[in-house]
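Here is the structure we will look at.
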Amino acid sequence: MASRDKEATKAKLIQAAGQVMARDGFAKMGVNAVAREANVDKVLIYRYFGGLEGLIKAYAEEGDFWPGVEELIAEPEAIYRARPAAEQMARVFRHLISALRRRPVTLEILAWEMADGNELTKHLDEVREALGREFTRRFGHAGPAEVDLMAFSALMAASINYLTARSRHNKSFNGMDISRDEGWKRIEETISTVCLKVLS
């Protein structure tokens, strides 16, 4: 029973960390704020995570902060691998959009991170980078010789990160409605077209 209580409290603190980051930003992130949010004694943050930094790391790794590889390919690996390179990449970018739009806390954190990066955000960066490396290791392909695939992926992912984060509080960008599914459908179709043109 004690073990279950411990795990439940840890999960509660991890969730509270995400909520505080999303609502108040990193500048106001502290053990007192998280403990109040979780309605537990702050000493448990030190006991279970070693402090605030350990809690942020746990949130990044366990708190459903970022989609994993399986969520991004969203089908059996053998089927994904059989697709043409352009279709593989377009599929991943489309699913990245869907995954981020399903994570309002992540979008708020992304917005704060752009304006207020600090020592705490490095753990969130590390998780994203590790997932990127895993994806490249498992599914990386050369693509056309003239295309820098890493730079292309970075450009597309950065655009998605920015637009999804912006969509939380701004309905439009460059005249497009990014608050509704119709606008995102246009973006996804354009991503597919770009991937086909660049990677075929």
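By order of appearance in the structure tokens: chains A, B, ..., then residues from 1 within every chain, and ligands from 1 in the order shown.
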
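Excluding range 99-110 of chain A itself and any same-chain residue fewer than 5 positions from it, the protein and nucleic acid residues within 7 Å of it, counting only C-alpha atoms, are A:Gly18, A:Gln19, A:Met21, A:Ala22, A:Phe65, A:Pro67, A:Thr164, A:Ala165.
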
I need the residues from that last selection saved to file as a PDB file, in the first residue's frame (with N, CA and C atoms), if you can.
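That gives us result-v1.pdb:
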ATOM      1  N   GLY A  18       4.043  20.108 -14.459  1.00  0.00           N
ATOM      2  CA  GLY A  18       3.629  20.543 -15.787  1.00  0.00           C
ATOM      3  C   GLY A  18       2.608  21.661 -15.738  1.00  0.00           C
ATOM      4  N   GLN A  19       1.669  21.560 -14.814  1.00  0.00           N
ATOM      5  CA  GLN A  19       0.626  22.585 -14.706  1.00  0.00           C
ATOM      6  C   GLN A  19       1.212  23.929 -14.282  1.00  0.00           C
ATOM      7  N   MET A  21       4.376  24.969 -14.716  1.00  0.00           N
ATOM      8  CA  MET A  21       5.179  25.493 -15.825  1.00  0.00           C
ATOM      9  C   MET A  21       4.300  26.120 -16.891  1.00  0.00           C
ATOM     10  N   ALA A  22       3.212  25.427 -17.212  1.00  0.00           N
ATOM     11  CA  ALA A  22       2.337  25.919 -18.271  1.00  0.00           C
ATOM     12  C   ALA A  22       1.641  27.212 -17.873  1.00  0.00           C
ATOM     13  N   PHE A  65       5.123  14.586 -21.862  1.00  0.00           N
ATOM     14  CA  PHE A  65       5.472  15.906 -22.376  1.00  0.00           C
ATOM     15  C   PHE A  65       5.612  15.891 -23.893  1.00  0.00           C
ATOM     16  N   PRO A  67       5.686  13.468 -27.702  1.00  0.00           N
ATOM     17  CA  PRO A  67       5.311  12.189 -28.316  1.00  0.00           C
ATOM     18  C   PRO A  67       6.535  11.322 -28.600  1.00  0.00           C
ATOM     19  N   THR A 164       1.980  25.513 -33.517  1.00  0.00           N
ATOM     20  CA  THR A 164       1.088  24.876 -32.540  1.00  0.00           C
ATOM     21  C   THR A 164       1.094  25.651 -31.220  1.00  0.00           C
ATOM     22  N   ALA A 165       2.274  26.107 -30.782  1.00  0.00           N
ATOM     23  CA  ALA A 165       2.332  26.899 -29.546  1.00  0.00           C
ATOM     24  C   ALA A 165       1.579  28.211 -29.712  1.00  0.00           C
TER      25      ALA A 165
END

Legend entry - Neighbour list for range 83-90 of chain A as an MDAnalysis selection string, cut-off 12 Å, only C-alpha atoms, skip fewer than 5 positions in-chain: chainID A and resid 72:78 95:97 135:136 139:144 149:150 152:154 156:157 187:200

Legend entry - Interatomic distance (Å, one decimal) between CA of Gly175 in chain A and CA of Leu163 in chain A: 12.7 Å

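The coordinates place CA of Ala27 in chain A at 22.7 Å from CA of Ala11 in chain A.
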
Inset, instruction - Determine the nearest neighbour of Trp112 in chain A from the options A:Arg186, A:Arg81, A:Lys28, A:Arg138, counting only C-alpha atoms. - result: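 Checking each candidate against Trp112 in chain A, we get A:Lys28 as the closest.
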
Inset, instruction - Name the closest residue to Asn170 in chain A among the candidates A:Val127, A:Arg137, A:Asp24, A:Ala111; distances are taken between atoms, counting only C-alpha atoms. - result: A:Ala111

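Relative to CA of Gly25 in chain A, CA of Gly132 in chain A is found at 24.9 Å.
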
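Using only C-alpha atoms, the nearest neighbour of Asp41 in chain A within the list A:Leu13, A:Glu7, A:Ser179, A:Ala158 is A:Leu13.
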